[in-house]
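Raw my_file_36.txt, compact mmCIF, C-alpha atoms:
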# COMPACT_ATOMS: atom_id res chain seq x y z
CA GLN P 1 -92.02 -82.60 -120.05
CA TYR P 2 -88.47 -81.52 -119.27
CA LYS P 3 -88.15 -77.76 -119.76
CA MET P 4 -84.51 -77.38 -120.76
CA PRO P 5 -83.89 -78.19 -124.46
CA TRP P 6 -81.56 -81.07 -125.29
CA ASN P 7 -79.65 -81.03 -128.57
CA VAL P 8 -80.11 -84.03 -130.85
CA GLY P 9 -78.43 -83.29 -134.14
CA GLU P 10 -79.85 -79.92 -135.12
CA THR P 11 -83.09 -80.45 -133.22
CA GLU P 12 -83.90 -79.25 -129.72
CA TYR P 13 -86.66 -80.93 -127.78
CA PRO P 14 -87.68 -81.25 -124.12
CA LEU P 15 -86.70 -84.44 -122.30
CA SER P 16 -89.20 -86.37 -120.23
CA GLN P 17 -88.28 -87.94 -116.91
CA THR P 18 -88.18 -91.34 -118.62
CA GLU P 19 -85.67 -90.10 -121.19
CA MET P 20 -83.47 -88.64 -118.48
CA LEU P 21 -83.62 -91.87 -116.48
CA PHE P 22 -82.63 -93.94 -119.52
CA MET P 23 -79.76 -91.59 -120.32
CA LEU P 24 -78.42 -91.92 -116.79
CA ARG P 25 -78.71 -95.70 -116.85
CA TYR P 26 -77.63 -96.54 -120.39
CA ALA P 27 -75.99 -93.58 -122.18
CA GLN P 28 -72.28 -92.76 -122.22
CA LEU P 29 -72.36 -89.30 -120.68
CA THR P 30 -69.66 -86.85 -119.77
CA GLU P 31 -69.43 -85.95 -116.09
CA LYS P 32 -70.89 -82.52 -116.85
CA GLN P 33 -73.84 -84.02 -118.75
CA GLU P 34 -74.46 -86.47 -115.93
CA GLN P 35 -74.46 -83.74 -113.29
CA LEU P 36 -76.78 -81.59 -115.39
CA ILE P 37 -79.31 -84.37 -115.93
CA VAL P 38 -79.24 -85.42 -112.25
CA ALA P 39 -79.91 -81.84 -111.14
CA GLU P 40 -82.67 -81.25 -113.67
CA LEU P 41 -84.29 -84.65 -113.02
CA LYS P 42 -84.45 -83.91 -109.31
CA ALA P 43 -85.84 -80.42 -109.95
CA ASP P 44 -88.51 -81.77 -112.29
CA ILE P 45 -89.56 -84.41 -109.77
CA GLU P 46 -89.92 -81.71 -107.11
CA GLU P 47 -91.92 -79.54 -109.52
CA GLN P 48 -94.26 -82.46 -110.21
CA GLY P 49 -94.91 -82.77 -106.47
CA TYR P 50 -93.19 -86.19 -106.32
CA ARG P 51 -96.04 -87.76 -108.29
CA VAL P 52 -95.29 -90.65 -110.67
CA VAL P 53 -95.26 -89.21 -114.20
CA THR P 54 -93.19 -91.92 -115.90
CA GLY P 55 -94.85 -94.46 -118.21
CA PHE P 56 -94.48 -98.19 -118.81
CA ALA P 57 -90.77 -97.93 -119.70
CA GLY P 58 -89.71 -95.39 -117.11
CA THR P 59 -91.50 -96.52 -113.96
CA PRO P 60 -89.43 -99.72 -113.38
CA VAL P 61 -86.16 -97.74 -113.42
CA LEU P 62 -87.38 -94.58 -111.67
CA LEU P 63 -86.54 -95.39 -108.04
CA PRO P 64 -83.49 -97.61 -108.80
CA VAL P 65 -81.81 -94.85 -110.84
CA LEU P 66 -82.54 -92.28 -108.16
CA SER P 67 -80.87 -94.49 -105.55
CA GLU P 68 -77.96 -95.24 -107.87
CA TYR P 69 -77.27 -91.51 -108.13
CA GLY P 70 -77.57 -90.75 -104.42
CA MET P 71 -81.19 -89.59 -104.45
CA SER P 72 -82.83 -92.21 -102.24
CA GLU P 73 -84.49 -89.44 -100.22
CA THR P 74 -86.23 -88.33 -103.42
CA ALA P 75 -87.19 -91.94 -104.16
CA TYR P 76 -88.81 -92.25 -100.74
CA ARG P 77 -90.78 -89.04 -101.28
CA ILE P 78 -92.14 -90.43 -104.56
CA LEU P 79 -93.05 -93.72 -102.87
CA PHE P 80 -94.93 -91.96 -100.07
CA CYS P 81 -96.68 -89.37 -102.23
CA GLU P 82 -100.48 -89.59 -101.92
CA GLU P 83 -101.50 -87.34 -104.81
CA ASN P 84 -102.73 -88.81 -108.10
CA PRO P 85 -100.82 -90.34 -109.84
CA SER P 86 -98.98 -92.23 -107.09
CA TRP P 87 -98.85 -95.64 -105.48
CA LEU P 88 -100.40 -94.47 -102.22
CA TYR P 89 -103.19 -92.70 -104.09
CA SER P 90 -104.31 -96.16 -105.23
CA VAL P 91 -103.94 -97.50 -101.69
CA ASN P 92 -106.11 -94.67 -100.39
CA GLN P 93 -108.76 -95.68 -102.96
CA GLY P 94 -108.86 -99.19 -101.46
CA ALA P 95 -106.13 -100.96 -103.45
CA THR P 96 -104.77 -104.21 -102.01
CA THR P 97 -102.89 -105.06 -105.23
CA ILE P 98 -100.95 -102.84 -107.66
CA TRP P 99 -103.13 -101.49 -110.43
CA GLU P 100 -102.36 -100.67 -114.06
CA ARG P 101 -103.88 -97.22 -113.59
CA TYR P 102 -103.53 -95.22 -110.41
CA ASP P 103 -107.22 -94.30 -110.79
CA SER P 104 -108.44 -97.77 -111.81
CA TYR P 105 -111.00 -97.21 -109.09
CA THR P 106 -111.75 -94.03 -107.15
CA ALA P 107 -114.12 -93.48 -104.27
CA GLU P 108 -115.58 -90.52 -106.18
CA ASN P 109 -116.02 -92.01 -109.67
CA GLY P 110 -115.97 -95.78 -109.20
CA PHE P 111 -114.32 -98.08 -111.77
CA ALA P 112 -112.38 -96.71 -114.74
CA ASP P 113 -112.77 -97.89 -118.34
CA ALA P 114 -112.49 -101.69 -118.28
CA THR P 115 -110.58 -101.76 -121.61
CA MET P 116 -107.48 -100.67 -119.67
CA ASN P 117 -108.00 -101.49 -116.05
CA SER P 118 -105.78 -104.32 -114.79
CA PHE P 119 -105.79 -104.70 -111.02
CA ASN P 120 -102.56 -106.71 -110.89
CA HIS P 121 -99.97 -105.11 -113.13
CA PHE P 122 -96.20 -105.41 -113.55
CA ASN P 123 -95.41 -101.84 -114.50
CA GLU P 124 -96.34 -100.08 -111.26
CA GLY P 125 -95.73 -103.34 -109.37
CA SER P 126 -92.04 -103.16 -110.29
CA VAL P 127 -91.62 -100.80 -107.34
CA ALA P 128 -91.55 -103.89 -105.11
CA GLN P 129 -88.07 -104.74 -106.44
CA TRP P 130 -86.78 -101.36 -105.21
CA MET P 131 -88.46 -101.94 -101.86
CA TYR P 132 -86.59 -105.25 -101.42
CA GLU P 133 -83.25 -104.13 -102.84
CA SER P 134 -83.02 -100.55 -101.57
CA MET P 135 -85.52 -99.97 -98.78
CA LEU P 136 -84.99 -103.35 -97.10
CA GLY P 137 -81.50 -103.73 -98.57
CA ILE P 138 -81.33 -107.34 -99.80
CA ARG P 139 -79.86 -107.70 -103.28
CA VAL P 140 -78.78 -110.94 -105.00
CA ASP P 141 -76.64 -110.93 -108.16
CA LEU P 142 -75.64 -114.44 -109.24
CA SER P 143 -73.03 -113.05 -111.64
CA GLU P 144 -70.93 -111.76 -108.73
CA GLU P 145 -68.29 -113.76 -106.87
CA ILE P 146 -70.02 -112.72 -103.65
CA PRO P 147 -73.64 -112.75 -104.83
CA ILE P 148 -75.46 -111.30 -101.82
CA ILE P 149 -75.29 -107.61 -100.94
CA ILE P 150 -76.92 -106.17 -97.81
CA GLN P 151 -77.10 -102.40 -98.22
CA PRO P 152 -80.27 -100.70 -96.96
CA GLN P 153 -81.01 -97.13 -98.05
CA ILE P 154 -82.17 -95.77 -94.69
CA PRO P 155 -83.50 -92.22 -95.09
CA GLU P 156 -81.66 -89.41 -93.36
CA SER P 157 -84.62 -87.05 -93.06
CA ASP P 158 -87.84 -87.50 -91.10
CA ILE P 159 -89.67 -89.42 -93.81
CA ASP P 160 -92.54 -91.57 -92.57
CA ILE P 161 -90.59 -94.82 -92.40
CA HIS P 162 -88.52 -95.81 -89.41
CA GLN P 163 -88.11 -99.54 -89.85
CA ALA P 164 -88.19 -102.33 -92.41
CA ARG P 165 -88.22 -106.10 -92.04
CA GLY P 166 -88.45 -108.87 -94.60
CA HIS P 167 -86.91 -111.93 -96.20
CA TYR P 168 -85.91 -113.22 -99.60
CA ASP P 169 -85.95 -116.93 -100.48
CA SER P 170 -82.82 -117.14 -102.64
CA VAL P 171 -81.27 -120.18 -104.32
CA TYR P 172 -78.97 -120.35 -101.28
CA GLY P 173 -81.79 -120.32 -98.75
CA ARG P 174 -83.75 -117.70 -96.87
CA ILE P 175 -82.08 -114.33 -96.22
CA GLU P 176 -83.75 -112.34 -93.45
CA PHE P 177 -82.92 -108.73 -92.65
CA SER P 178 -84.39 -105.88 -90.63
CA TRP P 179 -83.46 -102.36 -89.61
CA GLU P 180 -84.92 -99.80 -87.26
CA LYS P 181 -83.99 -96.14 -86.91
CA LYS P 182 -85.04 -94.59 -83.61
CA ALA P 183 -85.88 -90.95 -82.88
CA ASP P 184 -82.45 -90.37 -81.32
CA GLY P 185 -80.71 -91.46 -84.53
CA MET P 186 -79.65 -94.88 -83.25
CA VAL P 187 -79.97 -97.72 -85.76
CA THR P 188 -80.36 -101.45 -85.09
CA ALA P 189 -79.91 -103.96 -87.91
CA ARG P 190 -80.29 -107.75 -87.80
CA LEU P 191 -79.34 -110.32 -90.43
CA SER P 192 -79.89 -114.05 -90.78
CA LEU P 193 -77.76 -115.52 -93.58
CA PRO P 194 -77.70 -119.14 -94.85
CA GLU P 195 -74.62 -121.05 -93.72
CA ASN P 196 -73.41 -121.91 -97.22
CA VAL P 197 -72.94 -118.39 -98.58
CA ARG P 198 -71.12 -115.11 -98.02
CA ALA P 199 -72.47 -111.58 -98.25
CA LYS P 200 -71.16 -108.04 -98.65
CA VAL P 201 -72.56 -105.78 -95.93
CA VAL P 202 -72.68 -101.98 -96.15
CA LEU P 203 -74.61 -100.30 -93.33
CA PRO P 204 -75.28 -96.63 -92.52
CA ILE P 205 -74.16 -97.20 -88.92
CA GLU P 206 -71.18 -95.57 -87.24
CA GLY P 207 -68.49 -98.06 -86.27
CA THR P 208 -69.31 -100.46 -89.10
CA GLU P 209 -67.16 -100.87 -92.16
CA LYS P 210 -67.83 -102.46 -95.53
CA SER P 211 -67.27 -106.13 -94.85
CA VAL P 212 -67.74 -109.66 -96.17
CA ILE P 213 -69.38 -112.08 -93.76
CA SER P 214 -70.22 -115.77 -93.77
CA GLY P 215 -73.53 -117.39 -92.95
CA GLY P 216 -74.95 -116.92 -89.47
CA GLU P 217 -76.90 -114.55 -87.23
CA TYR P 218 -75.74 -110.93 -86.86
CA GLU P 219 -76.80 -107.75 -85.08
CA TRP P 220 -75.42 -104.21 -85.38
CA ASN P 221 -76.19 -101.15 -83.24
CA GLY P 222 -74.93 -97.60 -83.60
CA LYS P 223 -75.53 -94.01 -84.62
CA TYR P 224 -76.84 -93.35 -88.10
CA LYS P 225 -74.30 -92.13 -90.65
CA LEU P 226 -74.57 -91.09 -94.28
CA LEU P 227 -73.07 -93.56 -96.73
CA GLU P 228 -70.54 -92.12 -99.16
Take the structure in the file and give it back as structure tokens.
Amino acid sequence: QYKMPWNVGETEYPLSQTEMLFMLRYAQLTEKQEQLIVAELKADIEEQGYRVVTGFAGTPVLLPVLSEYGMSETAYRILFCEENPSWLYSVNQGATTIWERYDSYTAENGFADATMNSFNHFNEGSVAQWMYESMLGIRVDLSEEIPIIIQPQIPESDIDIHQARGHYDSVYGRIEFSWEKKADGMVTARLSLPENVRAKVVLPIEGTEKSVISGGEYEWNGKYKLLE
């Protein structure tokens, strides 16, 4: 529970992480309210040891909202947390799919109660969307004039990920993208884009600018830079 009281009418009550996430995504906030919630959300996540404490409603928006508000480093720390509850806790218990409960099975206690024990579940599995759209950096929005955006959130700090590679089979064809950040801070990115489409490209590489490109094969190399 969020420690600082939030006024609702004449009632004060603590906000959960899920409530703060929904306020940031959907509420009409003043700049001061927004800054306050961002700071307190980040502090609460740190206090929780970067474990996943959001429920069915909050988990799908947890990492996307963090990235939206410039906290991708925090999102990565949640993703790579190994304490229960966390995604990697399940992996360390032998998971090869995404479970409904982080302790659906544990090496110490075996299987959890079968009345709530799905081993292939959307809620926690929704993290895969963030991994494609933010970690890898491929996003497709068919409502946009230029529907494809390539914008990887490459971590600045020494988090245990140094490269990503993948593809997305869109309605326009296969989009392939990869990035690698070396120990000296140099970044290499490669993109394969279908010929019949354009894409916006925003890369954290010095010497690159926000640009719109047409289909083809591309490669970028340069020093890592923070995106504004």
Give me the residues near Gly137 in chain P as a list of chain:residue names, where near means some atom within 6 Å (using only C-alpha atoms) and where sequence neighbours in that chain fewer than 6 positions away do not count.
P:Ile150, P:Gln151, P:Pro152
Can I get the selected residues back with C-alpha atoms, as a short mmCIF file (atom, residue, chain, number, x, y, z; two decimals), keeping the file's coordinate frame?
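Result file is again31.cif:
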data_model
loop_
_atom_site.label_atom_id
_atom_site.label_comp_id
_atom_site.auth_asym_id
_atom_site.auth_seq_id
_atom_site.Cartn_x
_atom_site.Cartn_y
_atom_site.Cartn_z
CA ILE P 150 -76.92 -106.17 -97.81
CA GLN P 151 -77.10 -102.40 -98.22
CA PRO P 152 -80.27 -100.70 -96.96
#
Find the residues near range 110-118 of chain P: any atom within 12 Å, counting only C-alpha atoms, skip ones fewer than 2 places away on the same chain, and give them as an mmCIF file with C-alpha atoms, in the frame of the given file.
data_model
loop_
_atom_site.group_PDB
_atom_site.id
_atom_site.type_symbol
_atom_site.label_atom_id
_atom_site.label_comp_id
_atom_site.auth_asym_id
_atom_site.auth_seq_id
_atom_site.Cartn_x
_atom_site.Cartn_y
_atom_site.Cartn_z
ATOM 1 C CA GLN P 93 -108.760 -95.680 -102.960
ATOM 2 C CA GLY P 94 -108.860 -99.190 -101.460
ATOM 3 C CA ALA P 95 -106.130 -100.960 -103.450
ATOM 4 C CA THR P 97 -102.890 -105.060 -105.230
ATOM 5 C CA ILE P 98 -100.950 -102.840 -107.660
ATOM 6 C CA TRP P 99 -103.130 -101.490 -110.430
ATOM 7 C CA GLU P 100 -102.360 -100.670 -114.060
ATOM 8 C CA ARG P 101 -103.880 -97.220 -113.590
ATOM 9 C CA TYR P 102 -103.530 -95.220 -110.410
ATOM 10 C CA ASP P 103 -107.220 -94.300 -110.790
ATOM 11 C CA SER P 104 -108.440 -97.770 -111.810
ATOM 12 C CA TYR P 105 -111.000 -97.210 -109.090
ATOM 13 C CA THR P 106 -111.750 -94.030 -107.150
ATOM 14 C CA ALA P 107 -114.120 -93.480 -104.270
ATOM 15 C CA GLU P 108 -115.580 -90.520 -106.180
ATOM 16 C CA ASN P 120 -102.560 -106.710 -110.890
ATOM 17 C CA HIS P 121 -99.970 -105.110 -113.130
ATOM 18 C CA PHE P 122 -96.200 -105.410 -113.550
ATOM 19 C CA ASN P 123 -95.410 -101.840 -114.500
ATOM 20 C CA GLU P 124 -96.340 -100.080 -111.260
ATOM 21 C CA GLY P 125 -95.730 -103.340 -109.370
#
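Going from CA of Ile146 in chain P over to CA of Ser214 in chain P, you cover 10.3 Å.
Protein and nucleic acid residues near (-86.9, -96.7, -84.4) are His162, Gln163, Glu180, Lys181, Lys182 and Ala183 of chain P, the criterion being any atom at most 7 Å away using all atoms listed in the file.
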I want to know what sits within 10 Å of range 200-203 of chain P, based on only C-alpha atoms, with residues of the same chain fewer than 5 positions away left out; could you give that as a PyMOL selection string?
chain P and resi 137-139+146-154+179+187+189+191+208-214+220+224-227
Mind giving me the straight-line distance from CA of Glu133 in chain P to CA of Pro64 in chain P in Å, one decimal?
8.8 Å
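Taking CA of Ser90 in chain P as the reference point, CA of Val52 in chain P is found at 11.9 Å.
Closest approach to Gln48 in chain P among P:Gln17, P:Met23, P:Pro60, P:Glu68: P:Gln17, based on only C-alpha atoms.
Here the question is which of P:Gln35, P:Ser72, P:Tyr218, P:Thr59 gets nearest to Phe22 in chain P using only C-alpha atoms, and that residue is P:Thr59.
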Given 8 Å on each side, where is the centre and what are the edge lengths in Å to one decimal of the axis-aligned box enclosing the listed atoms of range 83-100 of chain P, as JSON?
{"center_x": -103.9, "center_y": -96.2, "center_z": -107.2, "size_x": 26.0, "size_y": 33.7, "size_z": 29.7}
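Nearest residue to Tyr50 in chain P among P:Leu79, P:Leu36, P:Ile161, P:Leu62 is P:Leu79, counting all atoms listed in the file.
Distance check against Ile45 in chain P using all atoms listed in the file: of P:Ala128, P:Ala57, P:Leu66, P:Ala27, the minimum falls on P:Leu66.
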